[in-house]
Amino acid sequence: MPFFSVVIPTYNRARLLERTLASVFAQEERDYEVLVVDDGSTDDTLEVLAGYGEKVRVLQQANAGPGAARNLGIQEARGEYVVFLDSDDLWFPWTLAVYRQVLREQGMPAVVMGSSVTFQREDELARVSREPLKVVPFQDYLASAGDTTPRTACVLAVRTESLRRVEGFTPLRIVAEDYDLLYRLGTEPGFAWVRAPLVVGYRKHEGSESTMLESAHRGMAYQLMQERLARYPGGAERRRERLQMLLYATRHVSHVLVDHGRMDLALDLYRRSLPYHLEVPRWRYMLGFLPKMAVRGVLRSVQRG
């Protein structure tokens, strides 16, 4: 049985997938299997994957989105831990070795989260070096609520049995499905946050601003709904920690929406989160957000006029 199962969902990214797989096969750590889940690609992805022979286990499904694709990988994984990698991102040669070192030194926590660096051209990653290991441990993911360091939830190594216990990712096509997973893993024992070295190169794509803003709104609204329906673990005892993380993200997304002129979406998030902000409470946001919206709206009208 391999120690790691590397799960890579892909859809119509044959050329980028080749680069991603090259970074996997360049790993110092060798005790792993590679599962690529083809999410109904219509390009030559399957032909490309056929060239890897037994080095890659290829799983196929009709197009259902990345959450469903990752879940198929989780279902078929043979390793003790599943490590997720998107089919356009890149690992450094030390990535899996760092994960294994952290797992060994931290007593085999259920969840390890790494840190990433964004890039547009691959040569930008040449400046990244293997810095000394820096890990911040917590009893579980919810216990990290007080740490406001930006999170890179797409950079995860998770105990396979924990993933299966919480039933993996939501199959819904929403942004931030990885954050939703982390909340559902919130009380699984042991969370280690790797601050250094960087372990993933996150490829930045140009996209529609409108689509990205709407996706961010949908993802945040979904997470708030899950909390309202009591679908995250920890009960009343851990509610404040959950709200601390959820509301921090909500405030960030709502401010971004205002800054980009999507007052409708920002107001909707404000409305959805208001009962929770009253519970915490967070008076600065509750009293200051609507005036900020009004001022930004006036300024945008003046600029257009």
# chains A, B, ... in the order shown; residues from 1 in each chain; ligands from 1
>>> select_by_dssp(residues="region 98-288 of chain A", states="strand (DSSP E)", output="JSON, numbers by chain")
{"A": [111, 112, 113, 116, 117, 118, 119, 134, 135, 136, 137, 138, 156, 157, 158, 159, 191, 192, 193, 194, 195, 196, 200, 201, 202, 203]}
>>> residues_around(residues="Thr170 (chain A)", least_positions_apart="3", cutoff="12 Å", atoms="only C-alpha atoms", output="PyMOL selection string")
chain A and resi 64-72+163+166-167+173-184+219+222-223+226+231
>>> atom_distance(atom1="CA of Ala157 (chain A)", atom2="CA of Val111 (chain A)")
6.0 Å
>>> select_by_dssp(residues="region 1-239 of chain A", states="helix (DSSP H, G or I)", output="PyMOL selection string")
chain A and resi 14-25+45-50+53-55+66-76+95-105+122-127+142-144+160-165+177-184+209-228+236-239
>>> write_last_selection(atoms="C-alpha atoms", output="CSV table (one decimal), in the first residue's frame")
chain,number,residue,atom,x,y,z
A,14,ALA,CA,-3.9,17.9,-21.7
A,15,ARG,CA,-0.8,20.1,-22.2
A,16,LEU,CA,-0.9,21.6,-18.7
A,17,LEU,CA,-1.5,18.1,-17.2
A,18,GLU,CA,1.7,16.9,-18.7
A,19,ARG,CA,3.6,19.6,-16.9
A,20,THR,CA,1.8,18.9,-13.6
A,21,LEU,CA,2.6,15.2,-13.9
A,22,ALA,CA,6.3,15.9,-14.6
A,23,SER,CA,6.5,17.8,-11.3
A,24,VAL,CA,4.9,14.8,-9.5
A,25,PHE,CA,7.4,12.3,-11.0
A,45,THR,CA,-6.4,14.1,-22.3
A,46,LEU,CA,-7.0,10.3,-22.4
A,47,GLU,CA,-4.5,9.8,-25.2
A,48,VAL,CA,-1.9,11.7,-23.3
A,49,LEU,CA,-2.5,9.7,-20.1
A,50,ALA,CA,-2.3,6.4,-22.0
A,53,GLY,CA,1.2,3.3,-18.7
A,54,GLU,CA,1.0,1.9,-15.2
A,55,LYS,CA,2.6,5.0,-13.7
A,66,PRO,CA,-13.9,19.0,-9.6
A,67,GLY,CA,-15.6,18.1,-6.3
A,68,ALA,CA,-17.1,15.0,-7.8
A,69,ALA,CA,-13.9,14.1,-9.5
A,70,ARG,CA,-11.8,14.4,-6.3
A,71,ASN,CA,-14.4,12.2,-4.6
A,72,LEU,CA,-13.9,9.5,-7.2
A,73,GLY,CA,-10.2,9.7,-6.5
A,74,ILE,CA,-10.8,9.5,-2.7
A,75,GLN,CA,-13.0,6.4,-3.2
A,76,GLU,CA,-10.3,4.6,-5.2
A,95,THR,CA,6.8,18.7,-1.8
A,96,LEU,CA,5.9,15.2,-0.8
A,97,ALA,CA,9.0,14.8,1.3
A,98,VAL,CA,8.0,17.8,3.3
A,99,TYR,CA,4.5,16.5,3.8
A,100,ARG,CA,5.9,13.1,5.0
A,101,GLN,CA,8.4,14.8,7.4
A,102,VAL,CA,5.6,16.9,8.9
A,103,LEU,CA,3.4,13.9,9.4
A,104,ARG,CA,6.1,12.0,11.1
A,105,GLU,CA,7.2,14.8,13.4
A,122,GLU,CA,6.9,28.6,-15.1
A,123,ASP,CA,10.4,30.2,-15.1
A,124,GLU,CA,9.1,32.4,-12.2
A,125,LEU,CA,9.3,29.4,-9.9
A,126,ALA,CA,13.1,29.1,-10.4
A,127,ARG,CA,13.5,31.7,-7.6
A,142,LEU,CA,-11.1,24.6,14.1
A,143,ALA,CA,-8.4,25.4,16.7
A,144,SER,CA,-6.6,27.5,14.0
A,160,THR,CA,-7.9,8.9,3.7
A,161,GLU,CA,-10.1,7.5,6.4
A,162,SER,CA,-11.0,11.1,7.6
A,163,LEU,CA,-11.9,12.1,4.0
A,164,ARG,CA,-14.2,9.1,3.7
A,165,ARG,CA,-15.7,9.7,7.2
A,177,GLU,CA,-15.4,23.7,-2.0
A,178,ASP,CA,-12.0,23.0,-0.4
A,179,TYR,CA,-12.8,25.4,2.5
A,180,ASP,CA,-16.1,23.7,3.0
A,181,LEU,CA,-14.2,20.4,3.2
A,182,LEU,CA,-11.9,21.9,5.8
A,183,TYR,CA,-14.8,23.0,8.0
A,184,ARG,CA,-16.3,19.4,7.8
A,209,GLU,CA,-13.9,39.4,-13.3
A,210,SER,CA,-17.7,39.1,-13.2
A,211,THR,CA,-17.6,35.3,-13.1
A,212,MET,CA,-15.0,35.2,-10.4
A,213,LEU,CA,-16.9,37.6,-8.2
A,214,GLU,CA,-20.1,35.7,-8.6
A,215,SER,CA,-18.4,32.4,-7.8
A,216,ALA,CA,-16.8,33.9,-4.7
A,217,HIS,CA,-20.3,35.1,-3.6
A,218,ARG,CA,-21.9,31.7,-4.2
A,219,GLY,CA,-19.2,29.8,-2.3
A,220,MET,CA,-19.4,32.1,0.7
A,221,ALA,CA,-23.2,32.0,0.7
A,222,TYR,CA,-23.0,28.2,0.6
A,223,GLN,CA,-20.7,28.0,3.6
A,224,LEU,CA,-23.0,30.4,5.7
A,225,MET,CA,-25.9,28.2,4.8
A,226,GLN,CA,-24.1,25.0,5.9
A,227,GLU,CA,-23.4,26.6,9.3
A,228,ARG,CA,-27.1,27.7,9.6
A,236,ALA,CA,-22.3,24.7,20.2
A,237,GLU,CA,-19.0,24.2,22.0
A,238,ARG,CA,-16.9,25.1,18.9
A,239,ARG,CA,-19.4,27.4,17.2
>>> residues_around(residues="region 186-198 of chain A", least_positions_apart="4", cutoff="9 Å", atoms="only C-alpha atoms", output="number ranges by chain")
A: 92, 94-95, 98-99, 102-103, 106-117, 128-144, 162, 181-182, 232-234, 242
>>> closest_residue(among="A:Tyr11, A:Phe119, A:Phe84, A:Tyr32", to="Ala62 (chain A)", atoms="only C-alpha atoms")
A:Tyr11
>>> decode(residues="region 111-126 of chain A", atoms="all heavy atoms", output="short mmCIF file (atom, residue, chain, number, x, y, z; two decimals), in the first residue's frame")
data_model
loop_
_atom_site.label_atom_id
_atom_site.label_comp_id
_atom_site.auth_asym_id
_atom_site.auth_seq_id
_atom_site.Cartn_x
_atom_site.Cartn_y
_atom_site.Cartn_z
N VAL A 111 -4.86 16.31 9.08
CA VAL A 111 -4.82 17.29 7.99
C VAL A 111 -3.49 18.05 8.02
O VAL A 111 -3.07 18.53 9.07
CB VAL A 111 -5.97 18.31 8.09
CG1 VAL A 111 -5.94 19.28 6.91
CG2 VAL A 111 -7.33 17.60 8.15
N VAL A 112 -2.87 18.15 6.85
CA VAL A 112 -1.70 19.01 6.66
C VAL A 112 -2.04 20.00 5.54
O VAL A 112 -2.55 19.59 4.50
CB VAL A 112 -0.43 18.22 6.29
CG1 VAL A 112 0.72 19.17 5.97
CG2 VAL A 112 -0.04 17.28 7.41
N MET A 113 -1.78 21.26 5.79
CA MET A 113 -2.00 22.28 4.77
C MET A 113 -0.70 23.00 4.48
O MET A 113 0.00 23.41 5.40
CB MET A 113 -3.05 23.30 5.23
CG MET A 113 -3.41 24.33 4.17
SD MET A 113 -4.89 25.29 4.59
CE MET A 113 -4.27 26.25 5.97
N GLY A 114 -0.36 23.10 3.20
CA GLY A 114 0.88 23.75 2.81
C GLY A 114 0.68 25.19 2.41
O GLY A 114 -0.40 25.77 2.58
N SER A 115 1.72 25.78 1.86
CA SER A 115 1.70 27.16 1.39
C SER A 115 2.10 27.17 -0.07
O SER A 115 2.94 26.38 -0.51
CB SER A 115 2.66 28.03 2.21
OG SER A 115 2.27 28.04 3.58
N SER A 116 1.51 28.09 -0.84
CA SER A 116 1.74 28.13 -2.28
C SER A 116 2.26 29.49 -2.71
O SER A 116 2.20 30.47 -1.97
CB SER A 116 0.44 27.81 -3.02
OG SER A 116 -0.52 28.83 -2.79
N VAL A 117 2.73 29.53 -3.95
CA VAL A 117 3.15 30.77 -4.59
C VAL A 117 2.49 30.81 -5.96
O VAL A 117 2.40 29.78 -6.65
CB VAL A 117 4.69 30.85 -4.71
CG1 VAL A 117 5.25 29.71 -5.53
CG2 VAL A 117 5.11 32.19 -5.29
N THR A 118 1.96 31.97 -6.36
CA THR A 118 1.32 32.08 -7.66
C THR A 118 2.35 32.35 -8.76
O THR A 118 3.39 32.95 -8.51
CB THR A 118 0.26 33.19 -7.67
OG1 THR A 118 0.90 34.44 -7.36
CG2 THR A 118 -0.83 32.91 -6.65
N PHE A 119 2.03 31.89 -9.97
CA PHE A 119 2.91 32.15 -11.11
C PHE A 119 2.07 32.19 -12.38
O PHE A 119 0.96 31.63 -12.44
CB PHE A 119 3.99 31.08 -11.23
CG PHE A 119 3.49 29.74 -11.70
CD1 PHE A 119 3.57 29.36 -13.04
CD2 PHE A 119 2.92 28.84 -10.79
CE1 PHE A 119 3.10 28.14 -13.47
CE2 PHE A 119 2.45 27.60 -11.22
CZ PHE A 119 2.54 27.26 -12.55
N GLN A 120 2.57 32.87 -13.38
CA GLN A 120 1.98 32.83 -14.72
C GLN A 120 2.92 32.15 -15.70
O GLN A 120 2.48 31.41 -16.57
CB GLN A 120 1.64 34.26 -15.18
CG GLN A 120 0.46 34.86 -14.43
CD GLN A 120 0.10 36.25 -14.92
OE1 GLN A 120 0.95 37.13 -15.04
NE2 GLN A 120 -1.18 36.46 -15.20
N ARG A 121 4.23 32.39 -15.55
CA ARG A 121 5.23 31.71 -16.35
C ARG A 121 6.03 30.77 -15.45
O ARG A 121 6.41 31.14 -14.34
CB ARG A 121 6.19 32.70 -17.01
CG ARG A 121 5.54 33.73 -17.91
CD ARG A 121 6.61 34.56 -18.62
NE ARG A 121 7.77 34.83 -17.77
CZ ARG A 121 7.85 35.85 -16.90
NH1 ARG A 121 6.83 36.68 -16.76
NH2 ARG A 121 8.95 36.03 -16.17
N GLU A 122 6.28 29.57 -15.92
CA GLU A 122 6.94 28.57 -15.09
C GLU A 122 8.34 28.99 -14.65
O GLU A 122 8.80 28.59 -13.58
CB GLU A 122 6.98 27.22 -15.80
CG GLU A 122 5.61 26.59 -15.94
CD GLU A 122 5.66 25.19 -16.54
OE1 GLU A 122 6.75 24.56 -16.50
OE2 GLU A 122 4.63 24.73 -17.05
N ASP A 123 9.00 29.81 -15.45
CA ASP A 123 10.35 30.22 -15.06
C ASP A 123 10.36 31.11 -13.82
O ASP A 123 11.40 31.28 -13.17
CB ASP A 123 11.08 30.90 -16.22
CG ASP A 123 10.36 32.15 -16.72
OD1 ASP A 123 9.35 32.57 -16.13
OD2 ASP A 123 10.82 32.72 -17.74
N GLU A 124 9.19 31.63 -13.46
CA GLU A 124 9.10 32.43 -12.23
C GLU A 124 9.36 31.57 -10.99
O GLU A 124 9.77 32.09 -9.94
CB GLU A 124 7.71 33.07 -12.11
CG GLU A 124 7.37 34.07 -13.21
CD GLU A 124 5.93 34.51 -13.14
OE1 GLU A 124 5.40 34.64 -12.02
OE2 GLU A 124 5.31 34.71 -14.19
N LEU A 125 9.13 30.28 -11.09
CA LEU A 125 9.30 29.39 -9.94
C LEU A 125 10.76 29.07 -9.67
O LEU A 125 11.08 28.50 -8.61
CB LEU A 125 8.52 28.09 -10.17
CG LEU A 125 7.00 28.24 -10.31
CD1 LEU A 125 6.35 26.89 -10.55
CD2 LEU A 125 6.39 28.91 -9.08
N ALA A 126 11.64 29.44 -10.57
CA ALA A 126 13.07 29.14 -10.38
C ALA A 126 13.64 29.86 -9.17
O ALA A 126 14.65 29.43 -8.59
CB ALA A 126 13.85 29.53 -11.64
#
